[in-house]
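Peer 1: This is run_23.tsv (TSV, N, CA and C atoms).
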```tsv
chain	number	residue	atom	x	y	z
F	1	MET	N	61.39	12.23	-29.81
F	1	MET	CA	61.35	12.87	-28.53
F	1	MET	C	60.20	12.30	-27.71
F	2	LYS	N	60.47	11.96	-26.47
F	2	LYS	CA	59.48	11.34	-25.60
F	2	LYS	C	58.73	12.42	-24.85
F	3	ALA	N	57.36	12.28	-24.90
F	3	ALA	CA	56.54	13.25	-24.20
F	3	ALA	C	56.36	12.80	-22.75
F	4	SER	N	56.43	13.71	-21.86
F	4	SER	CA	56.23	13.38	-20.44
F	4	SER	C	55.05	14.18	-19.91
F	5	ASN	N	54.45	13.64	-18.88
F	5	ASN	CA	53.33	14.34	-18.26
F	5	ASN	C	53.85	15.48	-17.42
F	6	PRO	N	53.24	16.64	-17.55
F	6	PRO	CA	53.72	17.78	-16.76
F	6	PRO	C	53.32	17.63	-15.30
F	7	THR	N	54.12	18.15	-14.43
F	7	THR	CA	53.78	18.18	-13.01
F	7	THR	C	53.52	19.63	-12.63
F	8	TYR	N	52.54	19.80	-11.84
F	8	TYR	CA	52.17	21.14	-11.39
F	8	TYR	C	52.50	21.24	-9.92
F	9	THR	N	53.46	22.01	-9.62
F	9	THR	CA	53.88	22.14	-8.22
F	9	THR	C	53.03	23.16	-7.48
F	10	ASN	N	52.42	24.08	-8.20
F	10	ASN	CA	51.64	25.12	-7.55
F	10	ASN	C	50.18	24.70	-7.32
F	11	HIS	N	49.78	23.57	-7.86
F	11	HIS	CA	48.38	23.14	-7.76
F	11	HIS	C	48.29	21.86	-6.93
F	12	ALA	N	47.10	21.60	-6.40
F	12	ALA	CA	46.89	20.41	-5.57
F	12	ALA	C	46.75	19.16	-6.44
F	13	ILE	N	46.39	19.32	-7.71
F	13	ILE	CA	46.18	18.19	-8.60
F	13	ILE	C	47.39	18.06	-9.50
F	14	SER	N	47.88	16.86	-9.63
F	14	SER	CA	49.00	16.64	-10.56
F	14	SER	C	48.70	15.40	-11.38
F	15	TRP	N	49.24	15.35	-12.57
F	15	TRP	CA	49.04	14.21	-13.47
F	15	TRP	C	49.93	13.09	-13.02
F	16	PRO	N	49.46	11.84	-13.07
F	16	PRO	CA	50.34	10.74	-12.70
F	16	PRO	C	51.41	10.53	-13.78
F	17	ARG	N	52.56	10.16	-13.38
F	17	ARG	CA	53.64	9.92	-14.34
F	17	ARG	C	53.46	8.56	-14.98
F	18	ALA	N	53.91	8.44	-16.17
F	18	ALA	CA	53.82	7.18	-16.89
F	18	ALA	C	54.59	6.11	-16.14
F	19	GLY	N	53.96	4.92	-15.98
F	19	GLY	CA	54.62	3.82	-15.31
F	19	GLY	C	54.38	3.78	-13.82
F	20	THR	N	53.68	4.76	-13.24
F	20	THR	CA	53.40	4.73	-11.80
F	20	THR	C	52.16	3.88	-11.53
F	21	LEU	N	51.90	3.60	-10.26
F	21	LEU	CA	50.75	2.77	-9.89
F	21	LEU	C	49.43	3.43	-10.29
F	22	ALA	N	49.35	4.75	-10.21
F	22	ALA	CA	48.12	5.44	-10.54
F	22	ALA	C	47.79	5.28	-12.02
F	23	SER	N	48.77	5.34	-12.86
F	23	SER	CA	48.50	5.18	-14.29
F	23	SER	C	48.15	3.73	-14.60
F	24	LYS	N	48.71	2.78	-13.88
F	24	LYS	CA	48.38	1.38	-14.11
F	24	LYS	C	46.98	1.06	-13.57
F	25	ALA	N	46.55	1.72	-12.51
F	25	ALA	CA	45.22	1.47	-11.95
F	25	ALA	C	44.14	1.97	-12.89
F	26	LEU	N	44.40	3.00	-13.64
F	26	LEU	CA	43.42	3.53	-14.59
F	26	LEU	C	43.38	2.72	-15.87
F	27	HIS	N	44.38	1.92	-16.12
F	27	HIS	CA	44.47	1.16	-17.35
F	27	HIS	C	43.65	-0.13	-17.23
F	28	ILE	N	42.74	-0.37	-18.17
F	28	ILE	CA	41.93	-1.58	-18.21
F	28	ILE	C	42.62	-2.55	-19.15
F	29	PRO	N	42.95	-3.73	-18.67
F	29	PRO	CA	43.64	-4.68	-19.55
F	29	PRO	C	42.72	-5.16	-20.66
F	30	LYS	N	43.24	-5.27	-21.86
F	30	LYS	CA	42.46	-5.69	-23.01
F	30	LYS	C	42.79	-7.12	-23.40
F	31	LYS	N	43.40	-7.87	-22.50
F	31	LYS	CA	43.82	-9.22	-22.81
F	31	LYS	C	42.65	-10.18	-22.91
F	32	ASN	N	41.63	-10.05	-21.98
F	32	ASN	CA	40.54	-11.00	-21.93
F	32	ASN	C	39.20	-10.27	-21.87
F	33	PRO	N	38.62	-9.89	-23.02
F	33	PRO	CA	37.35	-9.16	-22.99
F	33	PRO	C	36.19	-10.03	-22.50
F	34	ALA	N	36.25	-11.33	-22.64
F	34	ALA	CA	35.17	-12.20	-22.16
F	34	ALA	C	35.08	-12.14	-20.64
F	35	LYS	N	36.20	-12.06	-19.98
F	35	LYS	CA	36.22	-11.96	-18.52
F	35	LYS	C	35.62	-10.63	-18.08
F	36	THR	N	35.93	-9.56	-18.78
F	36	THR	CA	35.38	-8.25	-18.46
F	36	THR	C	33.87	-8.24	-18.66
F	37	ILE	N	33.40	-8.86	-19.74
F	37	ILE	CA	31.95	-8.92	-20.01
F	37	ILE	C	31.27	-9.76	-18.93
F	38	THR	N	31.90	-10.85	-18.52
F	38	THR	CA	31.33	-11.70	-17.49
F	38	THR	C	31.21	-10.96	-16.16
F	39	ILE	N	32.24	-10.24	-15.80
F	39	ILE	CA	32.21	-9.47	-14.55
F	39	ILE	C	31.16	-8.36	-14.62
F	40	ALA	N	31.09	-7.67	-15.75
F	40	ALA	CA	30.09	-6.61	-15.91
F	40	ALA	C	28.68	-7.19	-15.86
F	41	SER	N	28.47	-8.35	-16.46
F	41	SER	CA	27.16	-9.00	-16.44
F	41	SER	C	26.80	-9.42	-15.02
F	42	LEU	N	27.78	-9.92	-14.29
F	42	LEU	CA	27.53	-10.32	-12.90
F	42	LEU	C	27.17	-9.11	-12.04
F	43	ILE	N	27.88	-8.02	-12.22
F	43	ILE	CA	27.58	-6.80	-11.47
F	43	ILE	C	26.18	-6.29	-11.82
F	44	LEU	N	25.82	-6.31	-13.10
F	44	LEU	CA	24.49	-5.88	-13.53
F	44	LEU	C	23.41	-6.78	-12.95
F	45	PHE	N	23.66	-8.09	-12.96
F	45	PHE	CA	22.70	-9.05	-12.40
F	45	PHE	C	22.50	-8.81	-10.91
F	46	LEU	N	23.59	-8.60	-10.17
F	46	LEU	CA	23.47	-8.33	-8.74
F	46	LEU	C	22.74	-7.03	-8.46
F	47	PHE	N	22.99	-6.02	-9.29
F	47	PHE	CA	22.29	-4.75	-9.14
F	47	PHE	C	20.79	-4.93	-9.38
F	48	LEU	N	20.43	-5.67	-10.44
F	48	LEU	CA	19.01	-5.91	-10.71
F	48	LEU	C	18.37	-6.75	-9.62
F	49	LEU	N	19.09	-7.70	-9.08
F	49	LEU	CA	18.59	-8.51	-7.98
F	49	LEU	C	18.33	-7.66	-6.74
F	50	LEU	N	19.24	-6.76	-6.45
F	50	LEU	CA	19.06	-5.84	-5.34
F	50	LEU	C	17.88	-4.92	-5.58
F	51	LEU	N	17.72	-4.44	-6.80
F	51	LEU	CA	16.61	-3.56	-7.15
F	51	LEU	C	15.28	-4.27	-6.97
F	52	VAL	N	15.19	-5.52	-7.42
F	52	VAL	CA	13.95	-6.30	-7.26
F	52	VAL	C	13.68	-6.55	-5.78
F	53	ASN	N	14.71	-6.82	-5.02
F	53	ASN	CA	14.55	-7.05	-3.58
F	53	ASN	C	13.99	-5.81	-2.88
F	54	VAL	N	14.51	-4.66	-3.20
F	54	VAL	CA	14.02	-3.41	-2.61
F	54	VAL	C	12.58	-3.15	-3.03
F	55	TRP	N	12.27	-3.40	-4.30
F	55	TRP	CA	10.90	-3.18	-4.80
F	55	TRP	C	9.91	-4.09	-4.08
F	56	VAL	N	10.26	-5.36	-3.90
F	56	VAL	CA	9.38	-6.31	-3.21
F	56	VAL	C	9.20	-5.88	-1.75
F	57	HIS	N	10.25	-5.43	-1.12
F	57	HIS	CA	10.17	-4.99	0.27
F	57	HIS	C	9.24	-3.78	0.41
F	58	ILE	N	9.38	-2.81	-0.48
F	58	ILE	CA	8.52	-1.63	-0.44
F	58	ILE	C	7.07	-2.02	-0.71
F	59	ASP	N	6.85	-2.92	-1.66
F	59	ASP	CA	5.49	-3.37	-1.97
F	59	ASP	C	4.90	-4.12	-0.77
F	60	PHE	N	5.71	-4.92	-0.08
F	60	PHE	CA	5.25	-5.64	1.10
F	60	PHE	C	4.80	-4.67	2.19
F	61	ILE	N	5.57	-3.62	2.40
F	61	ILE	CA	5.20	-2.61	3.40
F	61	ILE	C	3.90	-1.91	2.99
F	62	HIS	N	3.76	-1.60	1.72
F	62	HIS	CA	2.54	-0.94	1.22
F	62	HIS	C	1.32	-1.82	1.45
F	63	VAL	N	1.44	-3.12	1.17
F	63	VAL	CA	0.32	-4.05	1.37
F	63	VAL	C	-0.01	-4.15	2.86
F	64	GLY	N	0.99	-4.11	3.71
F	64	GLY	CA	0.76	-4.13	5.16
F	64	GLY	C	-0.05	-2.93	5.62
F	65	TYR	N	0.30	-1.75	5.10
F	65	TYR	CA	-0.47	-0.55	5.45
F	65	TYR	C	-1.91	-0.65	4.95
F	66	GLN	N	-2.10	-1.19	3.75
F	66	GLN	CA	-3.46	-1.36	3.23
F	66	GLN	C	-4.26	-2.32	4.09
F	67	MET	N	-3.63	-3.41	4.54
F	67	MET	CA	-4.33	-4.37	5.39
F	67	MET	C	-4.75	-3.72	6.71
F	68	ALA	N	-3.87	-2.94	7.30
F	68	ALA	CA	-4.20	-2.26	8.56
F	68	ALA	C	-5.36	-1.29	8.35
F	69	GLN	N	-5.35	-0.58	7.23
F	69	GLN	CA	-6.43	0.36	6.95
F	69	GLN	C	-7.76	-0.38	6.74
F	70	LEU	N	-7.73	-1.50	6.04
F	70	LEU	CA	-8.95	-2.26	5.80
F	70	LEU	C	-9.48	-2.90	7.08
F	71	LYS	N	-8.60	-3.32	7.97
F	71	LYS	CA	-9.04	-3.87	9.26
F	71	LYS	C	-9.71	-2.79	10.10
F	72	HIS	N	-9.16	-1.59	10.07
F	72	HIS	CA	-9.77	-0.48	10.80
F	72	HIS	C	-11.15	-0.15	10.20
F	73	GLN	N	-11.23	-0.15	8.88
F	73	GLN	CA	-12.50	0.13	8.22
F	73	GLN	C	-13.52	-0.96	8.55
F	74	GLU	N	-13.10	-2.22	8.60
F	74	GLU	CA	-14.00	-3.31	8.96
F	74	GLU	C	-14.53	-3.12	10.39
F	75	LYS	N	-13.66	-2.74	11.30
F	75	LYS	CA	-14.06	-2.52	12.70
F	75	LYS	C	-15.09	-1.40	12.79
F	76	MET	N	-14.85	-0.31	12.05
F	76	MET	CA	-15.80	0.81	12.07
F	76	MET	C	-17.15	0.41	11.47
F	77	LEU	N	-17.14	-0.40	10.41
F	77	LEU	CA	-18.39	-0.85	9.80
F	77	LEU	C	-19.16	-1.79	10.73
F	78	LYS	N	-18.46	-2.62	11.49
F	78	LYS	CA	-19.13	-3.49	12.46
F	78	LYS	C	-19.81	-2.67	13.55
F	79	ILE	N	-19.13	-1.63	14.01
F	79	ILE	CA	-19.72	-0.74	15.02
F	79	ILE	C	-20.95	-0.04	14.46
F	80	GLU	N	-20.86	0.44	13.22
F	80	GLU	CA	-22.00	1.11	12.59
F	80	GLU	C	-23.16	0.14	12.41
F	81	LYS	N	-22.88	-1.09	12.02
F	81	LYS	CA	-23.94	-2.10	11.86
F	81	LYS	C	-24.63	-2.36	13.19
F	82	ARG	N	-23.85	-2.50	14.26
F	82	ARG	CA	-24.44	-2.73	15.59
F	82	ARG	C	-25.34	-1.57	16.00
F	83	ASN	N	-24.88	-0.35	15.75
F	83	ASN	CA	-25.69	0.82	16.10
F	83	ASN	C	-26.97	0.88	15.28
F	84	LEU	N	-26.89	0.52	14.00
F	84	LEU	CA	-28.08	0.53	13.16
F	84	LEU	C	-29.07	-0.56	13.58
F	85	MET	N	-28.58	-1.72	14.00
F	85	MET	CA	-29.47	-2.78	14.48
F	85	MET	C	-30.19	-2.34	15.76
F	86	ILE	N	-29.48	-1.65	16.64
F	86	ILE	CA	-30.10	-1.13	17.87
F	86	ILE	C	-31.17	-0.10	17.51
F	87	LEU	N	-30.85	0.78	16.57
F	87	LEU	CA	-31.82	1.80	16.14
F	87	LEU	C	-33.04	1.15	15.51
F	88	LYS	N	-32.83	0.14	14.69
F	88	LYS	CA	-33.95	-0.58	14.06
F	88	LYS	C	-34.84	-1.22	15.10
F	89	ALA	N	-34.23	-1.87	16.09
F	89	ALA	CA	-35.00	-2.52	17.15
F	89	ALA	C	-35.81	-1.51	17.95
F	90	SER	N	-35.22	-0.36	18.20
F	90	SER	CA	-35.95	0.66	18.98
F	90	SER	C	-37.08	1.28	18.16
F	91	LEU	N	-36.87	1.43	16.85
F	91	LEU	CA	-37.93	2.03	16.02
F	91	LEU	C	-39.08	1.06	15.76
F	92	LEU	N	-38.79	-0.24	15.77
F	92	LEU	CA	-39.83	-1.23	15.53
F	92	LEU	C	-40.49	-1.72	16.82
F	93	ASP	N	-40.17	-1.12	17.94
F	93	ASP	CA	-40.79	-1.47	19.21
F	93	ASP	C	-42.29	-1.17	19.13
F	94	ASP	N	-43.11	-2.16	19.54
F	94	ASP	CA	-44.57	-2.06	19.39
F	94	ASP	C	-45.14	-0.88	20.17
F	95	SER	N	-44.69	-0.67	21.39
F	95	SER	CA	-45.23	0.43	22.20
F	95	SER	C	-44.87	1.79	21.60
F	96	LYS	N	-43.67	1.87	21.04
F	96	LYS	CA	-43.26	3.13	20.42
F	96	LYS	C	-44.07	3.41	19.16
F	97	LEU	N	-44.36	2.36	18.39
F	97	LEU	CA	-45.19	2.54	17.18
F	97	LEU	C	-46.61	2.95	17.53
F	98	GLN	N	-47.16	2.37	18.58
F	98	GLN	CA	-48.52	2.74	19.00
F	98	GLN	C	-48.57	4.20	19.46
F	99	ALA	N	-47.56	4.62	20.23
F	99	ALA	CA	-47.52	6.01	20.70
F	99	ALA	C	-47.37	6.97	19.52
F	100	LEU	N	-46.55	6.61	18.55
F	100	LEU	CA	-46.37	7.45	17.35
F	100	LEU	C	-47.67	7.51	16.55
F	101	ALA	N	-48.38	6.40	16.43
F	101	ALA	CA	-49.65	6.38	15.68
F	101	ALA	C	-50.69	7.26	16.36
F	102	LYS	N	-50.75	7.23	17.66
F	102	LYS	CA	-51.72	8.06	18.38
F	102	LYS	C	-51.37	9.54	18.28
F	103	LYS	N	-50.11	9.86	18.49
F	103	LYS	CA	-49.69	11.26	18.57
F	103	LYS	C	-49.65	11.92	17.19
F	104	LYS	N	-48.99	11.30	16.25
F	104	LYS	CA	-48.77	11.95	14.97
F	104	LYS	C	-49.93	11.76	14.00
F	105	PHE	N	-50.49	10.55	13.96
F	105	PHE	CA	-51.51	10.27	12.96
F	105	PHE	C	-52.92	10.21	13.56
F	106	HIS	N	-53.06	10.46	14.85
F	106	HIS	CA	-54.35	10.49	15.55
F	106	HIS	C	-55.13	9.20	15.32
F	107	LEU	N	-54.48	8.10	15.47
F	107	LEU	CA	-55.11	6.78	15.32
F	107	LEU	C	-55.43	6.23	16.70
F	108	SER	N	-56.41	5.35	16.74
F	108	SER	CA	-56.77	4.69	18.00
F	108	SER	C	-56.85	3.19	17.74
F	109	PRO	N	-56.84	2.41	18.81
F	109	PRO	CA	-56.93	0.96	18.59
F	109	PRO	C	-58.27	0.59	17.93
F	110	LEU	N	-58.27	-0.51	17.21
F	110	LEU	CA	-59.46	-0.95	16.50
F	110	LEU	C	-60.53	-1.44	17.48
F	111	THR	N	-61.77	-1.18	17.11
F	111	THR	CA	-62.89	-1.73	17.87
F	111	THR	C	-63.33	-3.02	17.20
F	112	ARG	N	-64.23	-3.79	17.88
F	112	ARG	CA	-64.67	-5.06	17.32
F	112	ARG	C	-65.48	-4.86	16.05
F	113	THR	N	-66.12	-3.74	15.90
F	113	THR	CA	-66.93	-3.51	14.70
F	113	THR	C	-66.06	-3.19	13.49
F	114	GLN	N	-64.85	-2.74	13.72
F	114	GLN	CA	-63.95	-2.41	12.60
F	114	GLN	C	-63.20	-3.63	12.08
F	115	ILE	N	-63.23	-4.71	12.81
F	115	ILE	CA	-62.49	-5.90	12.41
F	115	ILE	C	-63.39	-6.75	11.53
F	116	ILE	N	-62.93	-7.07	10.34
F	116	ILE	CA	-63.67	-7.91	9.40
F	116	ILE	C	-62.88	-9.21	9.24
F	117	THR	N	-63.56	-10.31	9.46
F	117	THR	CA	-62.90	-11.61	9.37
F	117	THR	C	-63.35	-12.25	8.06
F	118	ILE	N	-62.39	-12.72	7.30
F	118	ILE	CA	-62.68	-13.39	6.02
F	118	ILE	C	-62.40	-14.88	6.23
F	119	GLU	N	-63.43	-15.67	5.95
F	119	GLU	CA	-63.26	-17.11	6.10
F	119	GLU	C	-62.93	-17.71	4.76
F	120	GLU	N	-62.06	-18.67	4.77
F	120	GLU	CA	-61.68	-19.33	3.54
F	120	GLU	C	-62.63	-20.47	3.26
F	121	GLU	N	-62.95	-20.62	2.00
F	121	GLU	CA	-63.78	-21.76	1.61
F	121	GLU	C	-62.87	-22.90	1.23
F	122	ARG	N	-63.25	-24.11	1.66
F	122	ARG	CA	-62.42	-25.25	1.37
F	122	ARG	C	-63.00	-26.10	0.32
```
Could you express the structure from this file as structure tokens?
Peer 2:
Amino acid sequence: MKASNPTYTNHAISWPRAGTLASKALHIPKKNPAKTITIASLILFLFLLLLVNVWVHIDFIHVGYQMAQLKHQEKMLKIEKRNLMILKASLLDDSKLQALAKKKFHLSPLTRTQIITIEEER
């Protein structure tokens, strides 16, 4: 007795009948397994190639963001260096140092009697 696939008229899903195109589309031919392995290997290779391509692209974008951040940091450090050089120049100004010495440390300019000259012997 030959078994047949049941059909369901009351449901939206029905089993394909034996010998129809749907049953043949689901059937994988077993005639040439080397061809199947070759196709599967090619598909896997293409998938891995695509995966590496996406990874490199994402890494490239990440490096770009890092470069932009480092350029901004370099610009800020140059500005800070310029400001510190200006501050250094203003603090080492001779007139400002003399005023600070008089006001804070109560110092006065040297007199001739306070200056001692040491002569070198040759």
Peer 1: Quick one: axis-aligned box around all listed atoms of stretch 78-92 of chain F, 6 Å on every side, centre and edge lengths in Å to one decimal, written as AutoDock Vina command-line options.
Peer 2:
```
--center_x -29.5 --center_y -0.7 --center_z 15.2 --size_x 34.0 --size_y 17.5 --size_z 19.5
```
Peer 1: Could you tell me how far atom CA of F:Glu74 sits from atom N of F:Leu87, in Å to one decimal place?
Peer 2: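 Atom N of F:Leu87 sits 18.9 Å away from atom CA of F:Glu74.
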Peer 1: What does the distance between atom CA of F:Leu49 and atom N of F:Lys35 come to in Å, to one decimal place?
Peer 2: 21.6 Å
